[in-house]
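Shown next, in C-alpha cells, is the structure this report addresses.
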Amino acid sequence: MAEPDSQPALSRDEVAHVAKLALLDLTEEEIDLFTVQLGSVIETAHDMNNLDLEGVQPTHHPLGLTNVVREDVVRPSIDRAEVLSQAPDVEDDRFKVPPALGED
Amino acid sequence: MSVAKPAAFGDATAIAALVASGDRTAAAVVDDHLARIAEHEGDVHAFNLVMADDARSAAAAVDEAIAAGETPGRLAGVPVAIKDNMCTRGVPTTCSSKILEGWEPPYTATVVDRLVAEGAIPVGKTNLDEFAMGSSTENSAFGATKNPYDLDKVPGGSSGGSAAAVAAGFAPASLGSDTGGSIRQPASLCGVVGVKPTYGAVSRYGLIAFGSSLDQIGPFTTTVGDAALLYEVIAGDDPLDSTASPQPALPVSSKLDAGVDGLRVGIITEMAGDVIEGISGDVLARLRAAADALAAAGAVVDEVSVPSTVYGLPAYYMVAPAEASSNLARFDGVRYGLRADGTNTAAMNMASRTAGFGPEVKRRIMLGTYALSAGYRDAFYGKAQQIRTKITEDFDSAYENFDVLLSPASPSTAFALGDKTADPLTMYLNDVCTIPSNLSGHPAMSVPFGVGDDGLPIGVQVLAPMLGEVVMFQVAAELERAGA
Amino acid sequence: MYTTVDRGPDVHEPSIPDEWELVVGLEVHVELSTNTKLFCGCANAFGAEPNTNVCPTCLGLPGSLPVMNGAAIESAMRLGRALNCTVSPSIMARKNYTYPDMPKDFQTSQYDQPTNHDGWLDTPEGVRINIERAHIEEDTGKSTHVGGDGRISSAQYSLIDYNRAGVPLLEIVSCPDIRTADEAKAYVSELRGIVLALGVSDAKMEEGSMRVDANVSVRPRGSDELRTRCEIKNINSISSVGRAIAHEANRHIDLYETGERPIQETRHWDEEAGRTRPGRSKENDEDYRYFPEPDLTPLVPTAAELEAIDASLPELPGAQRAALAEAAGIEPTEASLIVERGDAGFALDAIAAGGDGARVVVHLNNNLAGGVGKLTAELFAGLVNMETAGELSSTQTKEVLAEMVETGGTAADIAAAKGFEAMGTGELDGMLDELIANHPDEWARFAGDDEGESKKMAGFFTGQIMKATKGQADGKVVAQLLNSRK
C-alpha cells in the first residue's frame, strides 16, 4: 500500500527529461499538466505488480510466426520525383535539412 | 437530431448484386451516396476528404468494364470510406494530424488495393482521433466527428469517421483500424457492425502504425453479411507484411445461416458488471438480452472468468504508447509532412514535432518514451508484454470450454461531445472491454443489439479464438437475426 | 581482380611507453553484399544516382513495413560461423535515436538476442581475440554537409541521399582483448580476409563497406583494471586503425601522467591532423530505448541450416596460410600477403605442379602484385623449374614472367623468343679468364683479406660479366665461379 501523500509517480524533472528524449518542446504548463496526467496513468500501471509474472514469457507477436523472410530479388524502386515532391526542402535530388550542428 | 441512414438505402451485398447484374449502374450508386454526403456531411463531419471526382471516374470505369463483359468484382460499384490512416497513392492521407496535412503517399495500402480490385469505389478518407489515439474522434486536428444518431454526441473512436460514415449512409461499408477498440467501440456507439479480425489476418501494409503489435484493420458495415463479405475481400496473406497470417481469408460467409444450436457461449464474468466497474446498466441489460437470445436459439450459455483481462488497461497503456513513441519518431520534418524552422537539424525536428502533434499524441509519445526509458523498461513495457501472455493464456483456457465469448463492446452509449476530454484516464476507460483482444491478438466484433435508456445504439461484443472468425460471424449473424 | 591490401605505412604511429598497456575492443561494421537491402527489394548498390534506390520501406514512409532478406541472414550466419560464433535464435530490435539520415528515426538492429555470439578470431601471429557478438542491423543514408569548410561543424546545411539506408550490415564486436595497435590492425586485416574468403562483402574501407570503431583505454602494465574508454569513430583505413589507437592511447596516458583522467565519450579520428577530436555532445547522452521489433518475426535457424552452413564454409585465411606454409616450407606469417591477395590456391597448385615452393612464394609476393593475368599454375611451375635449373637468370625469369602474365605463353617459348639461352659454366669460365688477365689489380683486391674490398670487387666482376652477356648470366652462378677461383 502506498503511503498517503507519498512521492508522486512521476516527477516534473522526469517529464522534462522524457520530453527531450521524445523531441518535444513542452511549455511549463504542459510539463505541469503531463506530470499529473501521466502520473495517474503510471499509478494505475503499478497495478500490474499485483499479478505474479514470475517466468512468464513476454508476447511480442500475437501469431507467434518465425522466420518470415523474402527472396533476395531486386524489385523496382519508386519514382524519385514522386518522393521528393512531398519533401519540405530539396536540393540536387536530395533532402535538404538545416545544419547538423548549427546554433541551438 | 438524427441523420442516421434510412433503412432502404441498400447494403453492400445488395448494391454489388444490382451493379453486377446491370440493374443499376455504379455511377448511379455513387451519385446517390455523394448526394447524401452533400446533404449531411456538414453536420456529421465524417470525412477529412470526399473524393467525389475520383469516385465518379472509378464508377464509370466499373460500369464500362461490366458493359464490356468483364466479370464484376465482389464489391462492384460499392462505395467505401477509408479511414484516413491508410495510404492512398496521390490522395492526401493525414491521420487527422497537422504533421501530415497535405501528404500524398506514393503508394497504396494493401487493403485499399484489394477493395478496388473487387470493384469497390473509395468515396473519401474518414476522420479519426489523431494517429488513432482516442475513443471519441475529438482528438482530430480537423474537428470532431458527430454521432449520426445524435449530433451532440460523439461517434466513438478512433475510427469515428468510418463508423459515422456507414451509420449516416454515406457509404454502405468502410474500413477502420483497431488498436485497443477503435473499430468495436465506435461501431457500438454508431449502431453498426464493426470487426477486429485476428491479429495478422489482414495486412497492415500501408496502415500508418500506432501500436504495431496491436493494430488490425477491419470493416464497418450495416449488416453482418456485409462485414463477412468485406472481411473475405481484405483478409489473407501479404508478402509485404511479415506479421500477416500465412493463411488465405477464412470463409466467414459460409456459416452465417447455420444458427447457434449447441454452440457454447461464455459471458466474460469480469465484464458482466461484477469486477470491472463503470459499465452502465443498460449496456449490461443488452448483454444479458443477447445471451438470452442466443440461448433461445439453442446455444449453451454460461459465465466464464478471464481473470487477467482486468490488467488489460494498464498493460495496454504501456505497450501501445511504447510502440507509438517509436513509430511516430519518423515525423521529424525531414522527408515529408510539416516542417517548422530550426537553426539546426535537432531544433528543426523538435519544432516540427511540437507544432505538428496534438496534445493527446504528445501525451502518448511521452508515456511510451517513459515506459521504454532506461530504468523503467522492465517494470513497465516488460511487465506489460508478460501480461499479454497471461491474457492470451486465460482466453485460451476459456476457449477450451466455450466456442465464443460475449461482453459489452463499450461501457456506455454515445456520450456528449467534450464530456471526457478533460481527463485522459476517464477517456481511456472506454476501451476496457475491447483492449484485451488487442493484447492477445484474438478476433472480436461488435454487433448492434438494441438501444440504451437514451435511445442510442448499443453493441454486443462477440469474441472468438485465434483465427476463429467463422464461428464469430456465425454467432454475430444469429444476434442480428434476433434483433433488438 | 585483386584488391590492394592496405596494411599501410607505420609512419606517424607513436609508440606506447612500456609501463602502459592498451585495452582495445573493436566494433567492425561490414556491409553485406546482397542483391537487395535488408528489409525491401531496393537494389543494394554503391554509387547510384541519389535517392533512386528507395521505396516506402527504406525511406521509412508512414505505413510501410519491413520484410527480412533471407540472403542477408544467411550471410550473417556464415560470417558468424567463420568467426567461431554460436548461432542462436535471434530477434530484431529497435534502437531508438534520431538522426536525419536514419529514415525511421530508429535503427532496426539486434539487442539482447543477437544472431551470432561468443566467437573468436586468431590473428596470423597467433593472438586470439574473442568476439562478443556479431549482429545484424541496417545502414543509414548518407549526409553531405554543404558550406563552410566542408566539415560538419561549419556546414550551412546538409543534403541526404537514402540509397544506402537499409543496406544490411553485420556489426562484429570484439571483446577488449587487443593489447597493441599492431594487434588491432592484424585483427581487422584478418577479419577482412575472412569476409573476402566468404564473399559476403567487398569489405572496402575506402568506400565504407567496412568501417571500424575502436574502444580504447589504457592501464598500467600488469594491472587488470578497466579504465575509462573512449570510442573512436571515422577510422577509414587499416593503417589509420593503428594510428588512431596509438594516438588515443597516448592522449589517455598524457592525461593520467599529468594527474587528469579521460572522460567516457565518443571521439572522431581526424586523419589529416592525426588526432582524435570530441564528437557531438549528444552522442554521449543517449537512451536507446531498445525493444523487440514488432514488425519482424524472430529468426530461428534449424540444425539442418547450421550444418549446411558449416559444410559450405570455404577454407579460411588461417587454414590457407597453414597449408601454404606447409607446402612451401615457410612460416605461416610469410604466406599472409599471398593469402590476403587470394592467391593461396594458385600458389598451392603451382607447387603441386612441381614448382619450387620458396621461388613460387617469392614471385607471388614480389613480382605478381598486379595479378596473375593469363598465367596458369602449370605454366608458372614450368618457369620456376627453368629458373631453379639455372636455365634462366633471376632477371630473365622476371622478364619472362611479366610476359607470361600478359600472353599466357610458355616460359620456354618466351625465353627462346627473347634469346635467353642457358649460359653454360664453360662459357662464363672463359670470360672470367679474360677479365682476370685484363684486371689483375682488381682481382688481387678481390682475392685479398679486406672483406669490404673483396665485396666491392665481386660487384665489379659480376657487373662486367653481366655487361658482356647483356644480363643473361645467372648472378648466382657468377658468384659461385668467382668464389671458386679465390
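So you can find residues: chains in the C-alpha cells are A, B, ... in the order shown, residues in each start at 1, and ligands are numbered from 1 in order.
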
Return as CSV the residues of chain B lying at most 9 Å from chain C, together with the closest atom-to-atom pair for each and the distance in Å to one decimal, counting only C-alpha atoms, with rows in chain order and ascending residue number.
```
residue,atom,partner,partner_atom,distance
B:Asn85,CA,C:Gly63,CA,8.2
B:Met86,CA,C:Gly63,CA,7.3
B:Cys87,CA,C:Gly63,CA,6.9
B:Pro105,CA,C:Leu61,CA,8.1
B:Pro106,CA,C:Pro56,CA,7.7
B:Tyr107,CA,C:Pro56,CA,7.6
B:Ala109,CA,C:Gly63,CA,7.7
B:Arg204,CA,C:Gly63,CA,7.7
B:Tyr205,CA,C:Ser64,CA,5.9
B:Gly206,CA,C:Gly63,CA,4.1
B:Leu207,CA,C:Gly63,CA,4.6
B:Ile208,CA,C:Gly63,CA,3.8
B:Ala209,CA,C:Gly63,CA,5.9
B:Gly211,CA,C:Pro294,CA,8.8
B:Ser212,CA,C:Pro294,CA,6.0
B:Ser213,CA,C:Pro294,CA,5.5
B:Pro239,CA,C:Val67,CA,7.9
B:Leu240,CA,C:Val67,CA,6.5
B:Asp241,CA,C:Leu65,CA,6.2
B:Ser242,CA,C:Val67,CA,5.6
B:Thr243,CA,C:Asp295,CA,6.3
B:Ala322,CA,C:Phe291,CA,8.9
B:Glu323,CA,C:Pro294,CA,8.2
B:Ser326,CA,C:Asn96,CA,6.7
B:Asn327,CA,C:Lys104,CA,7.6
B:Leu328,CA,C:Lys104,CA,8.5
B:Ala329,CA,C:Asp105,CA,5.5
B:Arg330,CA,C:Lys104,CA,4.6
B:Phe331,CA,C:Lys104,CA,8.3
B:Asp332,CA,C:Pro100,CA,8.2
B:Val334,CA,C:Pro100,CA,6.7
B:Arg335,CA,C:Pro103,CA,8.0
B:Tyr336,CA,C:Leu61,CA,8.3
B:Asn344,CA,C:Tyr157,CA,8.3
B:Thr345,CA,C:Pro100,CA,7.4
B:Ala346,CA,C:Tyr99,CA,8.1
B:Asn349,CA,C:Pro100,CA,8.8
B:Thr369,CA,C:Arg289,CA,7.7
B:Ala371,CA,C:Arg289,CA,8.8
B:Leu372,CA,C:Arg289,CA,5.1
B:Ser373,CA,C:Arg289,CA,5.3
B:Ala374,CA,C:Asp287,CA,6.4
B:Arg377,CA,C:Arg289,CA,7.7
B:Tyr381,CA,C:Phe291,CA,8.7
```

Selection near Thr44 of chain A, 10 Å with only C-alpha atoms, sequence-local residues under 5 positions removed, as a PyMOL selection string: (chain A and resi 9+39) or (chain B and resi 311+313-315+317+425)

Hey, can you spit out that residue selection with all heavy atoms as a PDB file, in the first residue's frame?
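Below is the file part37.pdb, written as the result:
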```
ATOM      1  N   ALA A   9       3.999   9.590  -8.736  1.00  0.00           N
ATOM      2  CA  ALA A   9       4.506   8.536  -9.605  1.00  0.00           C
ATOM      3  C   ALA A   9       5.559   9.070 -10.568  1.00  0.00           C
ATOM      4  O   ALA A   9       6.419   8.334 -11.025  1.00  0.00           O
ATOM      5  CB  ALA A   9       3.359   7.915 -10.384  1.00  0.00           C
ATOM      6  N   GLY A  39       1.311  10.836 -14.594  1.00  0.00           N
ATOM      7  CA  GLY A  39       1.496  10.251 -13.272  1.00  0.00           C
ATOM      8  C   GLY A  39       0.330   9.345 -12.902  1.00  0.00           C
ATOM      9  O   GLY A  39       0.526   8.253 -12.355  1.00  0.00           O
TER      10      GLY A  39
ATOM     11  N   TYR B 311      -6.249  -6.618 -16.068  1.00  0.00           N
ATOM     12  CA  TYR B 311      -4.961  -5.929 -16.197  1.00  0.00           C
ATOM     13  C   TYR B 311      -4.731  -5.411 -17.620  1.00  0.00           C
ATOM     14  O   TYR B 311      -3.666  -4.886 -17.935  1.00  0.00           O
ATOM     15  CB  TYR B 311      -3.812  -6.858 -15.795  1.00  0.00           C
ATOM     16  CG  TYR B 311      -3.894  -7.269 -14.347  1.00  0.00           C
ATOM     17  CD1 TYR B 311      -4.428  -8.504 -13.974  1.00  0.00           C
ATOM     18  CD2 TYR B 311      -3.472  -6.388 -13.347  1.00  0.00           C
ATOM     19  CE1 TYR B 311      -4.526  -8.869 -12.648  1.00  0.00           C
ATOM     20  CE2 TYR B 311      -3.567  -6.750 -12.014  1.00  0.00           C
ATOM     21  CZ  TYR B 311      -4.091  -7.989 -11.671  1.00  0.00           C
ATOM     22  OH  TYR B 311      -4.184  -8.341 -10.354  1.00  0.00           O
ATOM     23  N   LEU B 313      -6.089  -2.896 -19.283  1.00  0.00           N
ATOM     24  CA  LEU B 313      -5.972  -1.450 -19.460  1.00  0.00           C
ATOM     25  C   LEU B 313      -4.575  -0.925 -19.104  1.00  0.00           C
ATOM     26  O   LEU B 313      -3.933  -0.271 -19.927  1.00  0.00           O
ATOM     27  CB  LEU B 313      -7.059  -0.734 -18.646  1.00  0.00           C
ATOM     28  CG  LEU B 313      -7.371   0.678 -19.098  1.00  0.00           C
ATOM     29  CD1 LEU B 313      -8.101   0.689 -20.436  1.00  0.00           C
ATOM     30  CD2 LEU B 313      -8.220   1.391 -18.043  1.00  0.00           C
ATOM     31  N   PRO B 314      -4.059  -1.224 -17.894  1.00  0.00           N
ATOM     32  CA  PRO B 314      -2.705  -0.732 -17.607  1.00  0.00           C
ATOM     33  C   PRO B 314      -1.650  -1.295 -18.553  1.00  0.00           C
ATOM     34  O   PRO B 314      -0.732  -0.571 -18.941  1.00  0.00           O
ATOM     35  CB  PRO B 314      -2.449  -1.173 -16.161  1.00  0.00           C
ATOM     36  CG  PRO B 314      -3.521  -2.137 -15.821  1.00  0.00           C
ATOM     37  CD  PRO B 314      -4.685  -1.849 -16.713  1.00  0.00           C
ATOM     38  N   ALA B 315      -1.778  -2.570 -18.931  1.00  0.00           N
ATOM     39  CA  ALA B 315      -0.786  -3.150 -19.844  1.00  0.00           C
ATOM     40  C   ALA B 315      -0.837  -2.436 -21.199  1.00  0.00           C
ATOM     41  O   ALA B 315       0.186  -2.078 -21.782  1.00  0.00           O
ATOM     42  CB  ALA B 315      -1.029  -4.646 -20.022  1.00  0.00           C
ATOM     43  N   TYR B 317      -1.851   0.569 -21.851  1.00  0.00           N
ATOM     44  CA  TYR B 317      -1.358   1.943 -21.821  1.00  0.00           C
ATOM     45  C   TYR B 317       0.141   2.034 -21.536  1.00  0.00           C
ATOM     46  O   TYR B 317       0.681   3.104 -21.280  1.00  0.00           O
ATOM     47  CB  TYR B 317      -2.211   2.816 -20.901  1.00  0.00           C
ATOM     48  CG  TYR B 317      -3.414   3.293 -21.688  1.00  0.00           C
ATOM     49  CD1 TYR B 317      -4.634   2.628 -21.631  1.00  0.00           C
ATOM     50  CD2 TYR B 317      -3.281   4.344 -22.585  1.00  0.00           C
ATOM     51  CE1 TYR B 317      -5.696   3.021 -22.413  1.00  0.00           C
ATOM     52  CE2 TYR B 317      -4.342   4.745 -23.380  1.00  0.00           C
ATOM     53  CZ  TYR B 317      -5.548   4.083 -23.291  1.00  0.00           C
ATOM     54  OH  TYR B 317      -6.590   4.473 -24.099  1.00  0.00           O
ATOM     55  N   LEU B 425      -7.600   9.655 -18.392  1.00  0.00           N
ATOM     56  CA  LEU B 425      -7.865   8.340 -17.822  1.00  0.00           C
ATOM     57  C   LEU B 425      -9.328   7.942 -17.970  1.00  0.00           C
ATOM     58  O   LEU B 425      -9.649   6.786 -18.255  1.00  0.00           O
ATOM     59  CB  LEU B 425      -7.446   8.339 -16.346  1.00  0.00           C
ATOM     60  CG  LEU B 425      -6.946   7.015 -15.797  1.00  0.00           C
ATOM     61  CD1 LEU B 425      -5.832   6.425 -16.647  1.00  0.00           C
ATOM     62  CD2 LEU B 425      -6.441   7.199 -14.372  1.00  0.00           C
TER      63      LEU B 425
END
```

Compile the contact shell of Met77 of chain C as number ranges by chain: residues with an atom at most 10 Å away, counting only C-alpha atoms, same-chain residues fewer than 6 positions apart removed. C: 71, 83, 85-88, 115-116, 134-136, 170, 301, 305-306, 309-310

Store the residues picked out above, limited to N, CA and C atoms, as a compact mmCIF listing (two decimals), in the first residue's frame.
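Here's the written file selection_36.txt:
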```
# COMPACT_ATOMS: atom_id res chain seq x y z
N ALA C 71 18.67 -13.82 -47.64
CA ALA C 71 20.08 -13.97 -48.02
C ALA C 71 20.98 -13.22 -47.04
N LEU C 83 33.59 -17.03 -37.75
CA LEU C 83 34.23 -16.40 -36.59
C LEU C 83 34.02 -17.24 -35.33
N CYS C 85 31.47 -18.31 -33.90
CA CYS C 85 30.40 -17.87 -33.02
C CYS C 85 29.36 -18.98 -32.84
N THR C 86 28.63 -18.91 -31.74
CA THR C 86 27.42 -19.69 -31.59
C THR C 86 26.32 -18.94 -32.33
N VAL C 87 25.59 -19.63 -33.18
CA VAL C 87 24.47 -19.01 -33.88
C VAL C 87 23.20 -19.43 -33.16
N SER C 88 22.45 -18.45 -32.68
CA SER C 88 21.28 -18.73 -31.84
C SER C 88 20.02 -18.15 -32.44
N THR C 115 22.10 -12.70 -33.48
CA THR C 115 22.23 -13.94 -34.24
C THR C 115 23.52 -14.70 -33.88
N ASN C 116 24.64 -13.98 -33.80
CA ASN C 116 25.93 -14.62 -33.53
C ASN C 116 26.53 -14.09 -32.23
N ALA C 134 28.13 -10.77 -33.12
CA ALA C 134 28.14 -10.27 -34.50
C ALA C 134 26.67 -10.18 -34.90
N HIS C 135 26.14 -8.97 -34.83
CA HIS C 135 24.69 -8.82 -35.01
C HIS C 135 24.31 -8.12 -36.30
N ILE C 136 23.07 -8.37 -36.71
CA ILE C 136 22.55 -7.83 -37.97
C ILE C 136 21.90 -6.49 -37.71
N LEU C 170 26.61 -6.28 -40.86
CA LEU C 170 26.90 -7.13 -39.71
C LEU C 170 27.88 -6.36 -38.84
N PRO C 301 17.14 -20.40 -36.60
CA PRO C 301 17.80 -21.29 -37.55
C PRO C 301 17.62 -22.74 -37.13
N GLU C 305 20.00 -26.19 -41.19
CA GLU C 305 20.55 -24.99 -41.82
C GLU C 305 21.98 -24.73 -41.36
N LEU C 306 22.18 -24.85 -40.04
CA LEU C 306 23.50 -24.58 -39.49
C LEU C 306 24.52 -25.60 -39.99
N ILE C 309 25.46 -24.66 -43.46
CA ILE C 309 26.37 -23.51 -43.48
C ILE C 309 27.79 -23.95 -43.15
N ASP C 310 27.93 -24.74 -42.10
CA ASP C 310 29.26 -25.20 -41.73
C ASP C 310 29.91 -25.98 -42.88
```

Select all residues from chain A having any atom no more than 12 Å from an atom of chain C (counting only C-alpha atoms, ignoring ligands), output as number ranges by chain. A: 17-18, 20-23, 58-84, 86-87, 89-103

Return the single residue from B:Ala482, B:Leu406, B:Ala422, B:Ala347 that is closest to chain A, with distances computed using only C-alpha atoms.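 The answer is B:Ala347, which sits nearest to chain A.
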
With only C-alpha atoms as the counted atoms, please give the residues lying no more than 7 Å from segment 352-359 of chain C, apart from itself and same-chain residues fewer than 5 positions off, as a list in words.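 In the requested format, the answer is Ala327, Ala328, Gly329, Glu378, Ala381, Gly382, Val384 and Asn385 of chain C.
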
Saved selection, atoms kept: all heavy atoms, as a PDB file, in the first residue's frame:
```pdb
ATOM      1  N   ALA C 327      53.316 -26.483 -47.518  1.00  0.00           N
ATOM      2  CA  ALA C 327      53.709 -26.904 -48.861  1.00  0.00           C
ATOM      3  C   ALA C 327      54.993 -26.220 -49.310  1.00  0.00           C
ATOM      4  O   ALA C 327      55.813 -26.807 -50.005  1.00  0.00           O
ATOM      5  CB  ALA C 327      52.574 -26.597 -49.851  1.00  0.00           C
ATOM      6  N   ALA C 328      55.156 -24.933 -48.909  1.00  0.00           N
ATOM      7  CA  ALA C 328      56.295 -24.171 -49.410  1.00  0.00           C
ATOM      8  C   ALA C 328      57.472 -24.182 -48.454  1.00  0.00           C
ATOM      9  O   ALA C 328      58.529 -23.651 -48.765  1.00  0.00           O
ATOM     10  CB  ALA C 328      55.861 -22.730 -49.687  1.00  0.00           C
ATOM     11  N   GLY C 329      57.261 -24.750 -47.290  1.00  0.00           N
ATOM     12  CA  GLY C 329      58.339 -24.782 -46.307  1.00  0.00           C
ATOM     13  C   GLY C 329      58.682 -23.407 -45.766  1.00  0.00           C
ATOM     14  O   GLY C 329      59.849 -23.042 -45.626  1.00  0.00           O
ATOM     15  N   GLU C 378      50.309 -24.225 -63.865  1.00  0.00           N
ATOM     16  CA  GLU C 378      51.212 -25.158 -64.542  1.00  0.00           C
ATOM     17  C   GLU C 378      52.316 -24.396 -65.278  1.00  0.00           C
ATOM     18  O   GLU C 378      53.493 -24.738 -65.195  1.00  0.00           O
ATOM     19  CB  GLU C 378      50.439 -26.026 -65.549  1.00  0.00           C
ATOM     20  CG  GLU C 378      49.538 -27.072 -64.902  1.00  0.00           C
ATOM     21  CD  GLU C 378      48.324 -26.467 -64.196  1.00  0.00           C
ATOM     22  OE1 GLU C 378      47.889 -25.354 -64.582  1.00  0.00           O
ATOM     23  OE2 GLU C 378      47.833 -27.086 -63.231  1.00  0.00           O
ATOM     24  N   ALA C 381      54.728 -23.017 -62.825  1.00  0.00           N
ATOM     25  CA  ALA C 381      55.639 -24.045 -62.320  1.00  0.00           C
ATOM     26  C   ALA C 381      56.752 -24.311 -63.342  1.00  0.00           C
ATOM     27  O   ALA C 381      57.929 -24.480 -62.980  1.00  0.00           O
ATOM     28  CB  ALA C 381      54.863 -25.333 -62.035  1.00  0.00           C
ATOM     29  N   GLY C 382      56.392 -24.308 -64.639  1.00  0.00           N
ATOM     30  CA  GLY C 382      57.388 -24.521 -65.696  1.00  0.00           C
ATOM     31  C   GLY C 382      58.471 -23.459 -65.638  1.00  0.00           C
ATOM     32  O   GLY C 382      59.680 -23.747 -65.750  1.00  0.00           O
ATOM     33  N   VAL C 384      59.321 -21.561 -63.038  1.00  0.00           N
ATOM     34  CA  VAL C 384      60.107 -21.697 -61.813  1.00  0.00           C
ATOM     35  C   VAL C 384      61.127 -22.825 -61.961  1.00  0.00           C
ATOM     36  O   VAL C 384      62.277 -22.715 -61.519  1.00  0.00           O
ATOM     37  CB  VAL C 384      59.175 -21.920 -60.601  1.00  0.00           C
ATOM     38  CG1 VAL C 384      59.971 -22.333 -59.369  1.00  0.00           C
ATOM     39  CG2 VAL C 384      58.358 -20.662 -60.323  1.00  0.00           C
ATOM     40  N   ASN C 385      60.736 -23.902 -62.648  1.00  0.00           N
ATOM     41  CA  ASN C 385      61.658 -25.016 -62.870  1.00  0.00           C
ATOM     42  C   ASN C 385      62.859 -24.592 -63.714  1.00  0.00           C
ATOM     43  O   ASN C 385      63.991 -24.976 -63.448  1.00  0.00           O
ATOM     44  CB  ASN C 385      60.937 -26.182 -63.553  1.00  0.00           C
ATOM     45  CG  ASN C 385      60.116 -26.960 -62.540  1.00  0.00           C
ATOM     46  OD1 ASN C 385      60.426 -26.932 -61.345  1.00  0.00           O
ATOM     47  ND2 ASN C 385      59.070 -27.632 -63.006  1.00  0.00           N
TER      48      ASN C 385
END
```

If I take atom CA of Thr198 of chain B and atom CA of Leu467 of chain B, how far is one from the other in Å, to one decimal?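 These two atoms are separated by 5.6 Å.
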
Straight-line distance linking atom CA of Ser397 of chain B with atom CA of Gln247 of chain B, stated in Å to one decimal: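 So the answer is 23.7 Å.
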
Test item: residues at most 7 Å from segment 457-463 of chain B, only C-alpha atoms, excluding those fewer than 4 positions along its chain, as a PyMOL selection string: chain B and resi 188-191+283+287+404-409+413+443-452+472+476

Go ahead and write the residues just picked, C-alpha atoms, as a short mmCIF file (atom, residue, chain, number, x, y, z; two decimals), in the first residue's frame.
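So the final result, stored in again.cif, reads:
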```cif
data_model
loop_
_atom_site.label_atom_id
_atom_site.label_comp_id
_atom_site.auth_asym_id
_atom_site.auth_seq_id
_atom_site.Cartn_x
_atom_site.Cartn_y
_atom_site.Cartn_z
CA SER B 188 -21.25 0.11 -30.79
CA LEU B 189 -21.87 3.84 -30.41
CA CYS B 190 -22.98 4.28 -34.03
CA GLY B 191 -25.18 1.18 -34.27
CA VAL B 283 -25.35 -1.88 -21.59
CA LEU B 287 -25.58 -8.08 -22.93
CA VAL B 404 -17.21 -17.85 -28.36
CA LEU B 405 -17.24 -15.32 -25.56
CA LEU B 406 -19.59 -12.40 -25.07
CA SER B 407 -19.11 -8.99 -23.48
CA PRO B 408 -20.10 -5.37 -23.94
CA ALA B 409 -18.22 -3.55 -26.69
CA THR B 413 -23.77 4.54 -25.17
CA PRO B 443 -10.66 -11.66 -33.10
CA ALA B 444 -13.68 -9.80 -31.80
CA MET B 445 -16.56 -7.83 -33.27
CA SER B 446 -19.35 -5.54 -32.18
CA VAL B 447 -22.90 -6.30 -33.32
CA PRO B 448 -25.72 -3.78 -32.78
CA PHE B 449 -28.20 -5.17 -30.25
CA GLY B 450 -30.78 -2.60 -29.40
CA VAL B 451 -30.61 0.76 -27.71
CA GLY B 452 -29.97 2.16 -24.26
CA MET B 472 -17.57 -15.46 -34.54
CA ALA B 476 -22.98 -12.47 -34.81
#
```

Show me, as a PyMOL selection string, the residues that have an atom within 9 Å of Ser11 of chain A when counting only C-alpha atoms, minus same-chain residues fewer than 4 positions from it. chain A and resi 7+15-16+35-36+39

Would you please work out which residue, of B:Asp43, B:Asp302, B:Asp53, B:Asp238, is nearest to chain A when using only C-alpha atoms? B:Asp238

Could you give me, as a PyMOL selection string, each residue of segment 158-194 of chain C that DSSP assigns to helix (DSSP H, G or I) when run on this structure's backbone? chain C and resi 181-194

Which polymer residues have any atom within 10 Å of an atom of Ala447 of chain C, counting only C-alpha atoms, with same-chain residues fewer than 6 positions away left out, as a PyMOL selection string? chain C and resi 441+453-455+457-458+482-483+485-486
